[in-house]
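**Student:** If it helps, the file is called input_37.csv and holds CSV, C-alpha atoms:
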```
chain,number,residue,atom,x,y,z
G,24,GLU,CA,-4.1,-1.8,-24.9
G,25,LEU,CA,-3.5,-2.5,-21.3
G,26,ASP,CA,-3.0,-5.7,-19.3
G,27,PHE,CA,-3.6,-5.6,-15.5
G,28,LEU,CA,-2.1,-8.3,-13.3
G,29,ASN,CA,-3.2,-8.5,-9.7
G,30,LEU,CA,-0.3,-10.1,-7.9
G,31,GLY,CA,-1.5,-9.1,-4.4
G,32,ILE,CA,-1.7,-12.0,-1.9
G,33,GLY,CA,-3.9,-11.6,1.1
G,34,GLY,CA,-1.9,-11.6,4.4
G,35,ASN,CA,1.4,-10.7,2.7
G,36,ARG,CA,3.7,-8.4,4.5
G,37,THR,CA,6.6,-6.2,3.2
G,38,GLU,CA,9.0,-9.1,3.6
G,39,HIS,CA,7.0,-11.1,1.1
G,40,LEU,CA,7.3,-8.4,-1.5
G,41,VAL,CA,11.0,-8.6,-1.1
G,42,GLU,CA,10.9,-12.4,-1.6
G,43,ARG,CA,8.8,-12.0,-4.7
G,44,LEU,CA,10.8,-9.1,-6.1
G,45,GLU,CA,12.4,-10.9,-9.1
G,46,THR,CA,9.3,-12.8,-10.2
G,47,ASP,CA,6.5,-10.3,-9.5
G,48,PHE,CA,8.4,-7.1,-10.4
G,49,ILE,CA,11.7,-7.3,-12.2
G,50,GLN,CA,11.0,-10.2,-14.6
G,51,LEU,CA,7.7,-8.8,-15.6
G,52,GLN,CA,9.1,-5.3,-16.5
G,53,PRO,CA,5.8,-3.6,-15.8
G,54,ASP,CA,4.9,-0.1,-17.0
G,55,ILE,CA,3.1,0.8,-13.8
G,56,VAL,CA,3.3,-0.9,-10.4
G,57,SER,CA,0.7,-0.2,-7.7
G,58,ILE,CA,1.6,-1.1,-4.2
G,59,LEU,CA,-0.7,-1.2,-1.1
G,60,VAL,CA,1.2,-2.9,1.7
G,61,GLY,CA,1.6,-2.3,5.4
G,62,ILE,CA,-1.4,-3.2,7.4
G,63,ASN,CA,-0.5,-6.9,7.6
G,64,ASP,CA,2.9,-6.0,9.0
G,65,THR,CA,0.9,-4.4,11.8
G,66,TRP,CA,-2.0,-6.9,12.0
G,67,HIS,CA,0.3,-10.0,12.3
G,68,GLN,CA,2.2,-8.4,15.1
G,69,TYR,CA,-1.0,-8.2,17.2
G,70,GLY,CA,-2.8,-11.3,15.9
G,71,ASN,CA,0.1,-13.8,15.3
G,72,ASN,CA,3.0,-12.2,17.2
G,73,ILE,CA,5.0,-12.0,14.0
G,74,ILE,CA,7.0,-8.9,14.6
G,75,THR,CA,8.2,-6.6,11.8
G,76,THR,CA,10.1,-3.7,13.3
G,77,ASP,CA,9.6,-0.3,11.9
G,78,ARG,CA,13.2,-0.4,10.6
G,79,GLN,CA,12.5,-3.8,8.9
G,80,PHE,CA,9.3,-2.4,7.4
G,81,GLU,CA,11.1,0.6,5.9
G,82,ASP,CA,14.1,-1.5,4.7
G,83,ASN,CA,11.8,-4.0,3.0
G,84,TYR,CA,9.7,-1.4,1.3
G,85,ARG,CA,12.8,0.6,0.3
G,86,THR,CA,14.3,-2.5,-1.2
G,87,VAL,CA,11.3,-3.0,-3.5
G,88,LEU,CA,11.1,0.6,-4.5
G,89,THR,CA,14.8,0.9,-5.1
G,90,ALA,CA,14.8,-2.2,-7.3
G,91,LEU,CA,11.8,-0.8,-9.3
G,92,LYS,CA,13.6,2.5,-9.9
G,93,GLU,CA,16.9,0.9,-10.8
G,94,ARG,CA,15.9,-2.2,-12.6
G,95,THR,CA,12.6,-1.3,-14.4
G,96,HIS,CA,11.1,1.7,-16.1
G,97,ALA,CA,7.9,1.4,-14.2
G,98,LYS,CA,5.9,4.2,-12.9
G,99,ILE,CA,5.2,3.7,-9.2
G,100,LEU,CA,1.8,4.3,-7.7
G,101,MET,CA,1.8,3.9,-3.9
G,102,LEU,CA,-1.4,3.5,-1.8
G,103,GLU,CA,-1.2,4.4,1.9
G,104,PRO,CA,-2.2,1.6,4.3
G,105,PHE,CA,-5.3,2.5,6.2
G,106,LEU,CA,-7.2,1.5,9.3
G,107,LEU,CA,-10.7,2.6,10.0
G,108,SER,CA,-11.8,3.2,13.6
G,109,VAL,CA,-13.4,0.0,14.8
G,110,PRO,CA,-13.3,-1.0,18.5
G,111,ASP,CA,-11.3,-4.2,18.2
G,112,LYS,CA,-8.6,-2.6,16.0
G,113,ASP,CA,-8.1,0.8,17.5
G,114,HIS,CA,-4.9,-0.4,19.3
G,115,PHE,CA,-3.3,-1.1,15.9
G,116,ARG,CA,-3.2,2.7,15.4
G,117,GLU,CA,-0.1,3.1,17.7
G,118,ASN,CA,1.9,0.9,15.4
G,119,LEU,CA,0.3,1.8,12.0
G,120,ASP,CA,0.6,5.6,12.3
G,121,PHE,CA,4.4,5.5,12.4
G,122,ARG,CA,4.4,3.2,9.4
G,123,ILE,CA,2.0,5.5,7.5
G,124,ASP,CA,4.6,8.2,8.1
G,125,ILE,CA,7.3,5.9,6.7
G,126,VAL,CA,5.2,5.2,3.6
G,127,ARG,CA,4.6,8.9,3.0
G,128,ARG,CA,8.4,9.6,3.2
G,129,LEU,CA,9.1,6.8,0.8
G,130,ALA,CA,6.4,8.1,-1.5
G,131,TRP,CA,8.0,11.5,-1.6
G,132,GLU,CA,11.3,9.8,-2.6
G,133,TYR,CA,10.0,7.1,-5.0
G,134,ALA,CA,6.4,7.5,-6.1
G,135,ASP,CA,5.1,8.9,-9.3
G,136,ALA,CA,1.6,9.0,-7.7
G,137,TYR,CA,0.3,8.5,-4.2
G,138,ILE,CA,-3.1,7.9,-2.7
G,139,PRO,CA,-3.4,8.8,0.9
G,140,LEU,CA,-6.0,6.2,1.8
G,141,ASP,CA,-5.9,6.6,5.5
G,142,GLY,CA,-6.6,10.3,5.3
G,143,LEU,CA,-9.2,9.9,2.6
G,144,PHE,CA,-11.1,7.3,4.5
G,145,ALA,CA,-10.9,9.4,7.7
G,146,ALA,CA,-12.6,12.2,5.8
G,147,ALA,CA,-15.2,9.9,4.3
G,148,CYS,CA,-16.1,8.7,7.8
G,149,VAL,CA,-17.5,12.1,8.5
G,150,HIS,CA,-20.5,11.2,6.4
G,151,ASN,CA,-20.6,7.4,6.8
G,152,PRO,CA,-19.5,5.2,9.7
G,153,PRO,CA,-16.2,3.3,9.4
G,154,THR,CA,-18.0,0.0,9.1
G,155,HIS,CA,-19.7,1.3,5.9
G,156,TRP,CA,-16.3,1.3,4.3
G,157,ALA,CA,-14.7,-1.7,6.0
G,158,ALA,CA,-16.6,-3.8,8.5
G,159,ASP,CA,-13.4,-4.9,10.3
G,160,GLY,CA,-11.6,-1.6,9.7
G,161,VAL,CA,-9.2,-3.1,7.2
G,162,HIS,CA,-10.9,-5.2,4.5
G,163,PRO,CA,-13.1,-2.9,2.3
G,164,THR,CA,-16.8,-3.5,1.8
G,165,PRO,CA,-18.1,-3.1,-1.8
G,166,GLU,CA,-18.5,0.6,-1.0
G,167,GLY,CA,-15.0,0.8,0.4
G,168,ALA,CA,-13.7,-1.0,-2.7
G,169,ASP,CA,-15.5,1.5,-5.0
G,170,PHE,CA,-14.1,4.4,-2.9
G,171,ILE,CA,-10.6,3.1,-3.4
G,172,ALA,CA,-11.2,2.4,-7.1
G,173,GLY,CA,-12.4,5.9,-7.7
G,174,HIS,CA,-9.2,7.4,-6.2
G,175,TYR,CA,-7.1,4.8,-8.0
G,176,LEU,CA,-8.5,5.7,-11.4
G,177,THR,CA,-7.9,9.4,-10.7
G,178,ALA,CA,-4.2,8.6,-9.8
G,179,VAL,CA,-3.4,6.1,-12.4
G,180,ALA,CA,-5.0,7.9,-15.4
G,181,PRO,CA,-2.1,10.5,-15.8
G,182,LEU,CA,0.5,7.6,-15.5
G,183,ILE,CA,-1.3,5.8,-18.3
G,184,TYR,CA,-1.5,9.0,-20.4
G,185,GLN,CA,2.3,9.4,-19.9
G,186,LEU,CA,2.9,5.9,-21.3
G,187,ASN,CA,0.9,6.6,-24.4
G,188,LYS,CA,2.5,9.9,-25.3
```
What is this file in structure tokens?
**Tutor:**
Amino acid sequence: ELDFLNLGIGGNRTEHLVERLETDFIQLQPDIVSILVGINDTWHQYGNNIITTDRQFEDNYRTVLTALKERTHAKILMLEPFLLSVPDKDHFRENLDFRIDIVRRLAWEYADAYIPLDGLFAAACVHNPPTHWAADGVHPTPEGADFIAGHYLTAVAPLIYQLNK
């Protein structure tokens, strides 16, 4: 028997995960935590001039992951932030690529499972245009959501299996 809680908040950045660390992670003592964060740290820099440095980004994310490892027994499933190539967002790439590298390094250190969404979407765009998956390059269309869900189910199933052993 499983309960799923979606505590994601649109527009949140890594700093917000740190602020919600106790209530959304530690107090709940989850079995599995799925984290997809990062694009808003980039988007808000360009759209709202809210700057999160790469160092702050890594420190915020590491704070959450360290607390999960040290203060819960949760399995950690990390999803890579992604950006599909659309004309008005291509300039985000210079900022996001470095952060994707940070997320990958953190995944090697902390994750029990990892979904490389940016790479998976890049491959999927060979057969369908980026706007098929996310009209604005970031927010998934129903097809994009299904694409993510399929990869999510593949990644989370072994973690659920481990819990039930």
**Student:** Measuring atom to atom with all atoms listed in the file, identify which of G:Phe115, G:Tyr137, G:Trp156, G:Phe48 is nearest to G:Arg94.
**Tutor:**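 Smallest separation from G:Arg94 among the options: G:Phe48.
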**Student:** List the spatial neighbours of G:Leu186 as a list in words - criterion: any atom at most 10 Å away, all atoms listed in the file, same-chain residues fewer than 6 positions off excluded.
**Tutor:**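 Contacts, with the query itself left out: Asp54, Ile55, Ala97 and Lys98 of chain G.
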**Student:** Go ahead and dump the residues you just picked, C-alpha atoms, as a short mmCIF file (atom, residue, chain, number, x, y, z; two decimals), in the coordinates of the input.
**Tutor:**
```
data_model
loop_
_atom_site.label_atom_id
_atom_site.label_comp_id
_atom_site.auth_asym_id
_atom_site.auth_seq_id
_atom_site.Cartn_x
_atom_site.Cartn_y
_atom_site.Cartn_z
CA ASP G 54 4.90 -0.10 -17.00
CA ILE G 55 3.10 0.80 -13.80
CA ALA G 97 7.90 1.40 -14.20
CA LYS G 98 5.90 4.20 -12.90
#
```
**Student:** Give me, please, the distance in Å between atom CA of G:Pro153 and atom CA of G:Pro110, quoted to one decimal.
**Tutor:**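 Interatomic distance here is 10.5 Å.
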**Student:** What gap, in Å, lies between atom CA of G:Ile32 and atom CA of G:Glu93?
**Tutor:**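 Spanning atom CA of G:Ile32 to atom CA of G:Glu93 is a straight-line distance of 24.3 Å.
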**Student:** For atom CA of G:Thr177 and atom CA of G:Ser57, quote the distance in Å rounded to one decimal.
**Tutor:**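 Interatomic distance, atom CA of G:Thr177 to atom CA of G:Ser57: 13.2 Å.
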**Student:** Please determine, counting all atoms listed in the file, which residue among G:Thr89, G:Ile123, G:Ala157, G:Ile183 has the shortest atom-to-atom distance to G:Ile49.
**Tutor:** G:Thr89
**Student:** Given the choices G:His39, G:Phe105, G:Ile58, G:Glu45, which gets closest to G:Asp135 if the distance is worked out from only C-alpha atoms?
**Tutor:**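 Closest to G:Asp135, using only C-alpha atoms: G:Ile58.
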**Student:** Given only C-alpha atoms as the basis, pick out the residue of G:Lys188, G:His174, G:Arg85, G:His67 nearest to G:Leu129.
**Tutor:**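 Looking only at the distances to G:Leu129, the closest residue turns out to be G:Arg85.
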**Student:** Pick out the closest residue to G:Gln52 from this set: G:Gln79, G:Arg36, G:Phe27, G:Leu91. Count only C-alpha atoms.
**Tutor:**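 The shortest atom-to-atom distance to G:Gln52 comes from G:Leu91.
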**Student:** Looking at G:Asp120, G:Asp169, G:Glu42, G:Asp111, which one is nearest to G:Gly61, with distances taken over only C-alpha atoms?
**Tutor:**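 Answer, going by the shortest atom-to-atom distance: G:Asp120.
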**Student:** May I have the residues within 10 Å of stretch 28-31 of chain G as a PyMOL selection string, using all atoms listed in the file and disregarding those fewer than 2 positions away in the same chain?
**Tutor:** chain G and resi 25-26+33-35+40+43+47-48+53+56-60
